[in-house]
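Text of work00.cif (mmCIF, C-alpha atoms) as supplied:
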```
data_final
loop_
_atom_site.label_atom_id
_atom_site.label_comp_id
_atom_site.auth_asym_id
_atom_site.auth_seq_id
_atom_site.Cartn_x
_atom_site.Cartn_y
_atom_site.Cartn_z
CA MET A 215 9.98 16.69 -11.93
CA ILE A 216 6.67 15.01 -11.15
CA ASN A 217 4.09 16.72 -8.98
CA LEU A 218 1.76 14.08 -7.63
CA ILE A 219 -1.58 15.29 -6.29
CA ILE A 220 -3.91 12.94 -4.42
CA ALA A 221 -7.00 14.99 -5.21
CA ASP A 222 -10.43 15.29 -3.58
CA ALA A 223 -9.03 12.94 -0.95
CA GLU A 224 -11.50 11.63 1.59
CA LEU A 225 -9.43 12.91 4.51
CA GLU A 226 -11.11 15.28 6.97
CA LEU A 227 -11.64 16.02 10.64
CA ILE A 228 -14.96 14.82 12.08
CA PRO A 229 -17.75 17.28 11.17
CA ALA A 230 -19.30 18.96 14.23
CA LYS A 231 -22.71 17.70 13.07
CA ILE A 232 -21.92 14.12 14.20
CA ALA A 233 -19.66 14.94 17.16
CA GLY A 234 -22.25 13.65 19.61
CA HIS A 235 -22.65 10.18 18.06
CA PRO A 236 -21.54 7.34 20.38
CA SER A 237 -18.97 5.94 17.89
CA VAL A 238 -17.44 9.40 17.49
CA ARG A 239 -17.42 10.02 21.25
CA ALA A 240 -15.61 6.67 21.67
CA THR A 241 -12.90 7.79 19.21
CA SER A 242 -12.61 11.16 20.90
CA SER A 243 -12.23 9.59 24.33
CA ARG A 244 -9.72 6.95 23.18
CA ARG A 245 -7.57 9.51 21.36
CA ARG A 246 -7.98 12.13 24.10
CA ARG A 247 -8.82 14.86 21.59
CA ARG A 248 -11.99 16.78 20.88
CA ALA A 249 -14.09 14.96 18.26
CA GLU A 250 -13.56 17.82 15.79
CA GLU A 251 -9.79 17.22 16.06
CA CYS A 252 -10.05 13.50 15.21
CA LEU A 253 -10.06 12.07 11.66
CA LEU A 254 -13.29 10.79 10.18
CA ASP A 255 -12.82 7.05 9.54
CA SER A 256 -15.54 5.02 7.84
CA SER A 257 -14.33 1.80 9.49
CA LEU A 258 -15.05 3.37 12.91
CA HIS A 259 -17.84 5.88 12.24
CA HIS A 260 -19.94 4.06 9.69
CA SER A 261 -23.31 4.46 11.41
CA ALA A 262 -22.61 8.05 12.49
CA MET A 263 -21.82 8.93 8.87
CA ASN A 264 -25.34 8.16 7.67
CA ALA A 265 -26.15 11.74 8.65
CA LEU A 266 -23.54 13.10 6.20
CA LEU A 267 -23.75 13.83 2.48
CA ASP A 268 -21.68 11.43 0.33
CA ALA A 269 -21.48 9.07 3.32
CA GLY A 270 -20.56 6.12 1.09
CA ARG A 271 -17.20 7.54 0.06
CA ARG A 272 -16.04 9.71 2.98
CA GLY A 273 -13.68 8.91 5.85
CA ARG A 274 -10.89 7.05 4.01
CA PRO A 275 -7.54 8.11 5.55
CA ASP A 276 -6.27 4.62 4.64
CA ILE A 277 -6.26 5.55 0.93
CA VAL A 278 -4.14 8.64 1.59
CA HIS A 279 -1.86 6.64 3.90
CA PHE A 280 -1.11 3.92 1.40
CA CYS A 281 -0.70 6.34 -1.52
CA LEU A 282 1.76 8.47 0.47
CA LEU A 283 3.81 5.46 1.62
CA LEU A 284 4.13 4.22 -1.95
CA ALA A 285 5.01 7.64 -3.33
CA MET A 286 7.57 8.47 -0.64
CA ASP A 287 9.21 5.02 -0.93
CA SER A 288 9.47 5.23 -4.71
CA PRO A 289 12.99 5.52 -6.14
CA VAL A 290 11.65 8.50 -8.10
CA ASN A 291 11.55 10.24 -4.71
CA THR A 292 14.35 8.58 -2.73
CA GLU A 293 17.01 8.29 -5.45
CA GLU A 294 16.17 10.89 -8.03
CA ASP A 295 14.55 13.56 -5.86
CA GLY A 296 12.14 13.86 -8.77
CA LEU A 297 8.85 13.96 -6.91
CA ARG A 298 6.75 16.44 -4.97
CA VAL A 299 3.68 15.05 -3.24
CA PHE A 300 0.48 16.90 -2.35
CA VAL A 301 -2.83 15.83 -0.86
CA HIS A 302 -5.85 17.95 -1.76
CA THR A 303 -8.92 17.13 0.34
CA ARG A 304 -12.67 17.33 -0.26
CA ASN A 305 -12.67 20.48 1.92
CA ASP A 306 -10.06 22.24 -0.27
CA ILE A 307 -7.18 21.82 2.17
CA VAL A 308 -3.80 21.13 0.54
CA LEU A 309 -1.18 19.16 2.47
CA ARG A 310 2.46 19.47 1.40
CA PHE A 311 5.22 17.09 2.42
CA HIS A 312 8.98 17.51 2.59
CA PRO A 313 10.54 14.83 0.31
CA ALA A 314 12.54 13.46 3.25
CA ILE A 315 9.62 13.11 5.69
CA ARG A 316 9.40 9.61 7.18
CA LEU A 317 5.73 8.80 7.40
CA PRO A 318 4.53 6.27 9.99
CA ARG A 319 3.92 2.80 8.53
CA ASN A 320 1.45 2.21 11.35
CA TYR A 321 -2.07 3.38 10.55
CA GLY A 322 -2.84 4.61 14.08
CA ARG A 323 0.30 6.75 14.16
CA PHE A 324 -0.43 8.05 10.66
CA THR A 325 -3.91 9.20 11.66
CA GLY A 326 -2.40 10.96 14.70
CA LEU A 327 0.00 12.82 12.41
CA MET A 328 -2.80 13.85 10.03
CA GLU A 329 -4.91 15.08 12.96
CA GLU A 330 -1.99 17.26 14.08
CA LEU A 331 -1.40 18.52 10.54
CA LEU A 332 -5.05 19.41 9.95
CA SER A 333 -5.56 20.94 13.42
CA ILE A 334 -2.29 22.89 13.80
CA GLY A 335 -1.37 23.49 10.15
CA GLU A 336 2.16 22.11 10.19
CA ILE A 337 4.48 19.39 11.44
CA VAL A 338 7.91 20.51 12.57
CA SER A 339 10.88 18.25 13.35
CA PRO A 340 12.56 18.45 16.78
CA ALA A 341 15.31 20.43 14.99
CA GLY A 342 12.76 23.01 13.83
CA GLN A 343 12.47 21.94 10.17
CA GLN A 344 8.99 22.03 8.63
CA LEU A 345 8.18 18.48 7.44
CA ALA A 346 4.59 19.05 6.33
CA SER A 347 2.09 21.88 6.14
CA SER A 348 -1.59 22.36 5.44
CA ALA A 349 -3.45 25.39 4.10
CA ARG A 350 -6.67 26.24 2.29
CA GLN A 351 -6.29 25.94 -1.47
CA THR A 352 -8.46 24.60 -4.28
CA LEU A 353 -7.19 21.97 -6.70
CA GLY A 354 -7.28 24.54 -9.51
CA GLU A 355 -5.14 27.00 -7.54
CA LEU A 356 -2.61 24.26 -6.73
CA VAL A 357 -2.33 23.06 -10.35
CA HIS A 358 -1.92 26.66 -11.49
CA GLU A 359 0.79 27.29 -8.90
CA LEU A 360 2.72 24.16 -9.93
CA GLY A 361 2.71 25.30 -13.54
CA SER A 362 3.44 22.06 -15.41
CA GLN A 363 1.04 20.19 -17.70
CA ALA A 364 -1.52 18.28 -15.66
CA ILE A 365 -2.75 14.76 -16.44
CA ALA A 366 -5.72 13.35 -14.52
CA PHE A 367 -6.58 9.67 -14.08
CA SER A 368 -10.09 8.31 -14.28
CA GLU A 369 -11.76 5.15 -15.48
CA GLU A 370 -13.88 7.49 -17.62
CA GLY A 371 -10.76 8.96 -19.27
CA LYS A 372 -9.26 8.27 -22.68
CA PRO A 373 -7.70 4.77 -22.68
CA ASP A 374 -3.90 4.94 -22.59
CA TYR A 375 -2.93 1.57 -21.13
CA SER A 376 0.66 1.92 -22.25
CA LEU A 377 1.01 5.27 -20.46
CA SER A 378 2.29 6.99 -23.60
CA PHE A 379 1.78 10.42 -21.99
CA LEU A 380 4.90 9.74 -19.93
CA ARG A 381 6.98 10.16 -23.09
CA GLN A 382 5.38 13.49 -23.97
CA TYR A 383 6.47 15.54 -20.98
CA THR A 384 9.50 15.76 -18.70
CA ASP A 385 7.76 17.81 -16.03
CA MET A 386 4.17 17.03 -15.24
CA THR A 387 1.48 17.22 -12.59
CA LEU A 388 -0.39 13.97 -12.03
CA ILE A 389 -3.86 14.15 -10.50
CA ILE A 390 -5.05 10.92 -8.89
CA GLY A 391 -8.37 10.72 -7.05
CA GLY A 392 -7.99 9.96 -3.32
CA PHE A 393 -11.46 8.45 -2.96
CA PRO A 394 -12.76 4.87 -3.12
CA HIS A 395 -15.20 5.22 -6.05
CA GLY A 396 -17.23 7.77 -7.99
CA ALA A 397 -15.99 10.88 -9.76
CA PHE A 398 -13.79 13.85 -8.88
CA LEU A 399 -15.60 16.55 -6.90
CA SER A 400 -13.33 19.21 -8.41
CA ASP A 401 -13.77 20.15 -12.05
CA VAL A 402 -10.61 18.35 -13.14
CA SER A 403 -11.27 18.77 -16.88
CA LYS A 404 -10.66 22.52 -16.42
CA TYR A 405 -7.11 22.05 -15.11
CA ALA A 406 -5.85 18.91 -16.86
CA VAL A 407 -4.66 18.80 -20.48
CA SER A 408 -5.99 15.26 -20.61
CA THR A 409 -7.78 12.67 -18.51
CA VAL A 410 -6.57 9.13 -19.11
CA SER A 411 -7.63 5.63 -18.12
CA ILE A 412 -4.71 3.23 -17.60
CA ALA A 413 -6.66 -0.03 -17.29
CA LYS A 414 -9.91 -1.53 -18.50
CA GLY A 415 -11.51 -1.70 -15.08
CA LYS A 416 -11.49 0.40 -11.93
CA LEU A 417 -8.21 0.72 -10.07
CA MET A 418 -7.63 1.70 -6.47
CA ALA A 419 -5.81 5.04 -6.07
CA TRP A 420 -2.71 3.30 -4.71
CA THR A 421 -2.46 1.04 -7.77
CA VAL A 422 -2.49 4.12 -9.99
CA VAL A 423 0.21 5.81 -7.88
CA ALA A 424 2.43 2.71 -7.96
CA THR A 425 1.88 2.02 -11.65
CA VAL A 426 2.55 5.54 -12.83
CA LEU A 427 5.68 6.02 -10.73
CA ALA A 428 7.09 2.64 -11.78
CA ALA A 429 6.34 3.39 -15.42
CA TYR A 430 7.84 6.89 -15.23
CA ARG A 431 11.12 5.43 -13.98
CA LEU A 432 11.15 2.60 -16.52
CA THR A 433 10.38 4.94 -19.43
CA ARG A 434 13.70 6.60 -18.85
CA LEU A 435 15.65 3.46 -17.91
CA TRP A 436 14.37 1.76 -21.04
CA GLN A 437 14.91 5.02 -22.98
CA ILE A 438 11.75 4.72 -24.98
CA MET B 64 1.70 -16.63 -15.50
CA ILE B 65 3.42 -14.96 -12.56
CA ASN B 66 3.64 -16.70 -9.21
CA LEU B 67 4.28 -14.06 -6.59
CA ILE B 68 5.63 -15.27 -3.26
CA ILE B 69 5.90 -12.93 -0.28
CA ALA B 70 8.61 -14.98 1.40
CA ASP B 71 9.81 -15.29 5.00
CA ALA B 72 6.95 -12.95 5.81
CA GLU B 73 6.82 -11.65 9.37
CA LEU B 74 3.30 -12.94 9.88
CA GLU B 75 2.69 -15.32 12.79
CA LEU B 76 0.42 -16.05 15.71
CA ILE B 77 1.68 -14.87 19.10
CA PRO B 78 4.28 -17.34 20.49
CA ALA B 79 3.15 -19.05 23.74
CA LYS B 80 6.34 -17.78 25.39
CA ILE B 81 5.00 -14.21 25.61
CA ALA B 82 1.28 -15.02 26.04
CA GLY B 83 1.32 -13.74 29.62
CA HIS B 84 2.71 -10.27 28.84
CA PRO B 85 0.25 -7.43 29.65
CA SER B 86 0.27 -6.02 26.07
CA VAL B 87 -0.50 -9.49 24.70
CA ARG B 88 -3.22 -10.11 27.27
CA ALA B 89 -4.77 -6.77 26.27
CA THR B 90 -4.89 -7.87 22.61
CA SER B 91 -6.32 -11.25 23.55
CA SER B 92 -9.04 -9.70 25.68
CA ARG B 93 -9.95 -7.04 23.07
CA ARG B 94 -10.10 -9.59 20.25
CA ARG B 95 -11.83 -12.21 22.42
CA ARG B 96 -9.44 -14.94 21.28
CA ARG B 97 -6.72 -16.86 23.08
CA ALA B 98 -3.37 -15.04 22.78
CA GLU B 99 -1.95 -17.87 20.67
CA GLU B 100 -4.76 -17.29 18.15
CA CYS B 101 -3.98 -13.56 17.76
CA LEU B 102 -1.44 -12.12 15.32
CA LEU B 103 1.88 -10.84 16.61
CA ASP B 104 2.04 -7.10 15.85
CA SER B 105 5.13 -5.06 16.61
CA SER B 106 3.12 -1.85 16.92
CA LEU B 107 1.15 -3.42 19.80
CA HIS B 108 3.56 -5.94 21.34
CA HIS B 109 6.85 -4.12 21.10
CA SER B 110 7.97 -4.54 24.71
CA ALA B 111 6.70 -8.13 24.94
CA MET B 112 8.75 -8.98 21.85
CA ASN B 113 12.06 -8.22 23.57
CA ALA B 114 11.92 -11.83 24.81
CA LEU B 115 11.86 -13.15 21.22
CA LEU B 116 14.70 -13.87 18.78
CA ASP B 117 14.81 -11.44 15.82
CA ALA B 118 12.51 -9.10 17.76
CA GLY B 119 13.51 -6.14 15.57
CA ARG B 120 11.88 -7.56 12.43
CA ARG B 121 9.00 -9.73 13.60
CA GLY B 122 5.30 -8.93 13.91
CA ARG B 123 4.67 -7.08 10.62
CA PRO B 124 1.24 -8.12 9.27
CA ASP B 125 1.03 -4.63 7.75
CA ILE B 126 3.69 -5.55 5.16
CA VAL B 127 1.74 -8.63 4.07
CA HIS B 128 -1.48 -6.59 4.01
CA PHE B 129 -0.16 -3.85 1.67
CA CYS B 130 1.60 -6.36 -0.58
CA LEU B 131 -1.55 -8.47 -0.96
CA LEU B 132 -3.79 -5.45 -1.64
CA LEU B 133 -1.44 -4.21 -4.37
CA ALA B 134 -1.06 -7.64 -5.93
CA MET B 135 -4.78 -8.47 -5.91
CA ASP B 136 -5.70 -5.01 -7.26
CA SER B 137 -3.18 -5.20 -10.09
CA PRO B 138 -4.60 -5.48 -13.62
CA VAL B 139 -2.24 -8.47 -14.02
CA ASN B 140 -4.60 -10.20 -11.60
CA THR B 141 -7.95 -8.55 -12.24
CA GLU B 142 -7.85 -8.24 -16.06
CA GLU B 143 -5.40 -10.84 -17.25
CA ASP B 144 -5.85 -13.52 -14.58
CA GLY B 145 -2.09 -13.80 -14.86
CA LEU B 146 -1.14 -13.93 -11.20
CA ARG B 147 -1.08 -16.43 -8.35
CA VAL B 148 -0.19 -15.03 -4.93
CA PHE B 149 1.38 -16.90 -2.01
CA VAL B 150 2.59 -15.84 1.41
CA HIS B 151 5.33 -17.95 2.95
CA THR B 152 5.94 -17.14 6.62
CA ARG B 153 8.98 -17.34 8.89
CA ASN B 154 7.43 -20.49 10.40
CA ASP B 155 7.18 -22.24 7.01
CA ILE B 156 3.45 -21.84 6.61
CA VAL B 157 2.26 -21.15 3.08
CA LEU B 158 -0.95 -19.17 2.52
CA ARG B 159 -2.70 -19.46 -0.84
CA PHE B 160 -5.35 -17.08 -2.13
CA HIS B 161 -8.06 -17.49 -4.72
CA PRO B 162 -7.52 -14.81 -7.41
CA ALA B 163 -11.02 -13.44 -6.81
CA ILE B 164 -10.76 -13.11 -3.01
CA ARG B 165 -11.71 -9.62 -1.80
CA LEU B 166 -9.30 -8.80 0.99
CA PRO B 167 -10.33 -6.27 3.64
CA ARG B 168 -8.85 -2.79 3.09
CA ASN B 169 -9.17 -2.24 6.83
CA TYR B 170 -6.15 -3.41 8.80
CA GLY B 171 -8.15 -4.66 11.80
CA ARG B 172 -10.39 -6.78 9.59
CA PHE B 173 -7.38 -8.08 7.68
CA THR B 174 -5.67 -9.25 10.88
CA GLY B 175 -8.91 -11.01 11.90
CA LEU B 176 -8.92 -12.85 8.57
CA MET B 177 -5.27 -13.88 8.92
CA GLU B 178 -5.93 -15.13 12.47
CA GLU B 179 -8.75 -17.28 11.15
CA LEU B 180 -6.61 -18.55 8.27
CA LEU B 181 -3.65 -19.46 10.49
CA SER B 182 -5.80 -20.97 13.26
CA ILE B 183 -8.34 -22.91 11.16
CA GLY B 184 -6.34 -23.52 7.97
CA GLU B 185 -8.82 -22.13 5.45
CA ILE B 186 -11.32 -19.41 4.66
CA VAL B 187 -14.52 -20.54 2.98
CA SER B 188 -17.14 -18.28 1.38
CA PRO B 189 -20.78 -18.48 2.53
CA ALA B 190 -21.39 -20.45 -0.70
CA GLY B 191 -18.78 -23.03 0.33
CA GLN B 192 -15.94 -21.95 -2.00
CA GLN B 193 -12.41 -22.04 -0.54
CA LEU B 194 -11.02 -18.48 -0.77
CA ALA B 195 -7.73 -19.07 1.03
CA SER B 196 -5.85 -21.89 2.69
CA SER B 197 -2.79 -22.38 4.88
CA ALA B 198 -0.53 -25.41 5.28
CA ARG B 199 3.02 -26.27 6.34
CA GLN B 200 5.46 -25.96 3.45
CA THR B 201 8.98 -24.59 3.07
CA LEU B 202 9.85 -21.95 0.49
CA GLY B 203 11.94 -24.52 -1.39
CA GLU B 204 9.03 -26.97 -1.59
CA LEU B 205 6.69 -24.25 -2.84
CA VAL B 206 9.10 -23.03 -5.55
CA HIS B 207 9.65 -26.64 -6.65
CA GLU B 208 5.90 -27.28 -6.81
CA LEU B 209 5.29 -24.13 -8.90
CA GLY B 210 7.91 -25.26 -11.39
CA SER B 211 8.74 -22.02 -13.22
CA GLN B 212 12.06 -20.15 -13.07
CA ALA B 213 12.35 -18.22 -9.81
CA ILE B 214 13.76 -14.70 -9.45
CA ALA B 215 14.44 -13.32 -5.98
CA PHE B 216 14.70 -9.64 -5.05
CA SER B 217 17.28 -8.28 -2.65
CA GLU B 218 19.30 -5.10 -2.28
CA GLU B 219 22.34 -7.43 -2.23
CA GLY B 220 21.37 -8.92 -5.62
CA LYS B 221 22.78 -8.20 -9.07
CA PRO B 222 21.68 -4.72 -10.18
CA ASP B 223 18.98 -4.89 -12.87
CA TYR B 224 17.26 -1.51 -12.54
CA SER B 225 15.57 -1.86 -15.92
CA LEU B 226 14.05 -5.23 -14.92
CA SER B 227 15.41 -6.92 -18.03
CA PHE B 228 14.63 -10.36 -16.54
CA LEU B 229 10.97 -9.68 -17.38
CA ARG B 230 11.82 -10.08 -21.06
CA GLN B 231 13.56 -13.44 -20.53
CA TYR B 232 10.65 -15.49 -19.25
CA THR B 233 6.92 -15.71 -19.86
CA ASP B 234 6.19 -17.76 -16.76
CA MET B 235 8.11 -16.99 -13.62
CA THR B 236 8.04 -17.18 -9.84
CA LEU B 237 8.94 -13.93 -8.10
CA ILE B 238 10.24 -14.13 -4.52
CA ILE B 239 9.91 -10.89 -2.55
CA GLY B 240 10.89 -10.71 1.12
CA GLY B 241 7.95 -9.97 3.44
CA PHE B 242 10.09 -8.45 6.20
CA PRO B 243 11.09 -4.86 7.03
CA HIS B 244 14.91 -5.22 6.75
CA GLY B 245 17.72 -7.76 6.85
CA ALA B 246 18.13 -10.87 4.72
CA PHE B 247 15.96 -13.83 3.74
CA LEU B 248 15.81 -16.54 6.42
CA SER B 249 15.32 -19.20 3.73
CA ASP B 250 18.26 -20.11 1.52
CA VAL B 251 16.84 -18.32 -1.51
CA SER B 252 19.99 -18.74 -3.62
CA LYS B 253 19.24 -22.47 -3.76
CA TYR B 254 15.83 -22.01 -5.41
CA ALA B 255 16.23 -18.86 -7.53
CA VAL B 256 18.00 -18.75 -10.88
CA SER B 257 19.01 -15.21 -10.01
CA THR B 258 18.73 -12.64 -7.25
CA VAL B 259 18.33 -9.10 -8.53
CA SER B 260 18.35 -5.60 -7.09
CA ILE B 261 15.94 -3.20 -8.81
CA ALA B 262 17.07 0.07 -7.18
CA LYS B 263 20.20 1.57 -5.66
CA GLY B 264 18.85 1.71 -2.14
CA LYS B 265 16.56 -0.39 0.01
CA LEU B 266 12.93 -0.71 -1.06
CA MET B 267 9.95 -1.70 1.00
CA ALA B 268 8.40 -5.02 -0.03
CA TRP B 269 5.26 -3.30 -1.29
CA THR B 270 7.28 -1.02 -3.60
CA VAL B 271 8.92 -4.10 -5.14
CA VAL B 272 5.52 -5.79 -5.62
CA ALA B 273 4.05 -2.70 -7.27
CA THR B 274 7.09 -1.99 -9.44
CA VAL B 275 7.48 -5.51 -10.75
CA LEU B 276 3.79 -5.99 -11.54
CA ALA B 277 3.57 -2.60 -13.28
CA ALA B 278 6.73 -3.34 -15.27
CA TYR B 279 5.54 -6.83 -16.22
CA ARG B 280 2.37 -5.39 -17.71
CA LEU B 281 4.16 -2.55 -19.51
CA THR B 282 6.79 -4.86 -20.96
CA ARG B 283 4.06 -6.54 -22.96
CA LEU B 284 2.04 -3.40 -23.70
CA TRP B 285 5.19 -1.69 -24.95
CA GLN B 286 6.20 -4.94 -26.70
CA ILE B 287 9.86 -4.63 -25.83
#
```

Let me see the file written as structure tokens.
Amino acid sequence: MINLIIADAELELIPAKIAGHPSVRATSSRRRRRAEECLLDSSLHHSAMNALLDAGRRGRPDIVHFCLLLAMDSPVNTEEDGLRVFVHTRNDIVLRFHPAIRLPRNYGRFTGLMEELLSIGEIVSPAGQQLASSARQTLGELVHELGSQAIAFSEEGKPDYSLSFLRQYTDMTLIIGGFPHGAFLSDVSKYAVSTVSIAKGKLMAWTVVATVLAAYRLTRLWQI
Amino acid sequence: MINLIIADAELELIPAKIAGHPSVRATSSRRRRRAEECLLDSSLHHSAMNALLDAGRRGRPDIVHFCLLLAMDSPVNTEEDGLRVFVHTRNDIVLRFHPAIRLPRNYGRFTGLMEELLSIGEIVSPAGQQLASSARQTLGELVHELGSQAIAFSEEGKPDYSLSFLRQYTDMTLIIGGFPHGAFLSDVSKYAVSTVSIAKGKLMAWTVVATVLAAYRLTRLWQI
């Protein structure tokens, strides 16, 4: 079983501090929600975000969206039921997803779903089944709860381009940063048995998700 | 060298036939372009599309967007310069991309770029370098021009879950359908030496792109 954590993800509701900015008010009015119940999105709120710490990396729901679509679509999830997916945000909120949840391909609908999940704390199907939930939890607490050996990915990690760690463990927790650049905010070295780099240069989070899941499946199909 | 073709992609400008529909006029007015210079998008023009053939699969620039981001971000492209990427559309337009083009992560900006590319025929950098081009060409003509053995991917193809074809060729042309479901519109069996299925169930186009590029790289790193 693989536990995949998109960690320190730049997914958050709009901070109250910038709720009065014109670009934020425009989002709030278009989505018919209070600003503090709308997602921060750097492509919409760029100028408003100048007032925030770490403005250059925040407001990236698109990274989480793409990573989740790739993970949920992977045969490791759909055929083998071998994947559990978590999103841990910069505000220490952990989102959990039912393996059978069908996430919206459309970005606008995805942001609506995330706003509901972060504001209400869960998404329930019409039949009453919980499809996703959110609750306060640090990355360390989540890794501890999951129990398996954790591997983190970072361009600063130990080079392992051939992903040899996949042959060491059957169960593992993979920690992939859900931010566009820079380092983990959480102290990943405390929770992970190793931090690896899987390419010479920087990779986007979604490329890491896709590469590791494809390689995990092939490791076993190729029986090496 | 891998030539990656996103084929029969559901990427097109809005057909004149539905230019007068309210949802299309809204797009045209918001984007300040004539309707026929805006991209068809099923998430915006769903009801207008009822008047079109194949309405259930058309208008999916999001598929092309994700596939291109994954392909361009892949170390096969960025580190090895081992990838050329093409998009062939349902209207037999072929888009070509310079390996170093930086595509917008933001969907709205990506659609703007595609509108420019399809309307004007090229995208040129401020320094005068051509970053992308579009021209009329069928899939068969493109595969013939590229010259290498072509492999197509389809859930109806011959099962090859371990992607053994990657060990048969050094240079190859990979044909991945850029549509949400159904079959290729082009007669792929004429151009491809084989059509393979890489998983039991259906996969989204982007999962195929990510899986094949990751496996191609690992095949050589693992030297098998």

List, as a list of chain:residue names, every residue that the PyMOL selection byres ((chain B and resi 91) around 12) selects in the file provided.
->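 So the PyMOL selection byres ((chain B and resi 91) around 12) ends up selecting B:Leu76, B:Ile77, B:Ile81, B:Ala82, B:Gly83, B:His84, B:Pro85, B:Ser86, B:Val87, B:Arg88, B:Ala89, B:Thr90, B:Ser92, B:Arg93, B:Arg94, B:Arg95, B:Arg96, B:Arg97, B:Ala98, B:Glu99, B:Glu100, B:Cys101, B:Leu102, B:Leu103, B:Leu107, B:His108, B:Gly175, B:Glu178.
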
For each of A:Asp287, A:Asp401, A:Glu226, A:Asp255, take the minimum atom-to-atom distance to chain B, counting only C-alpha atoms, then give the residue where this is smallest.
->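 So, comparing all the options, the nearest one is A:Asp287.
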
Please return, as an NGL selection string, all residues of chain A lying within 7 Å of chain B when only C-alpha atoms are considered.
-> :A and (284 or 287-289 or 376 or 413 or 417 or 421 or 424-425 or 428-429 or 432 or 435-436)

Do a neighbour search on Gly241 in chain B at 6 Å with only C-alpha atoms, toss out local chain neighbours closer than 3 positions, and write the hits as a list in words.
-> Ile69, Ala70, Asp71 and Ala72 of chain B

Can you find the residues with an atom no farther than 10 Å from (0.7, -26.6, 5.4), counting only C-alpha atoms, and report them as a VMD selection string?
-> chain B and resid 155 to 158 181 184 196 to 201
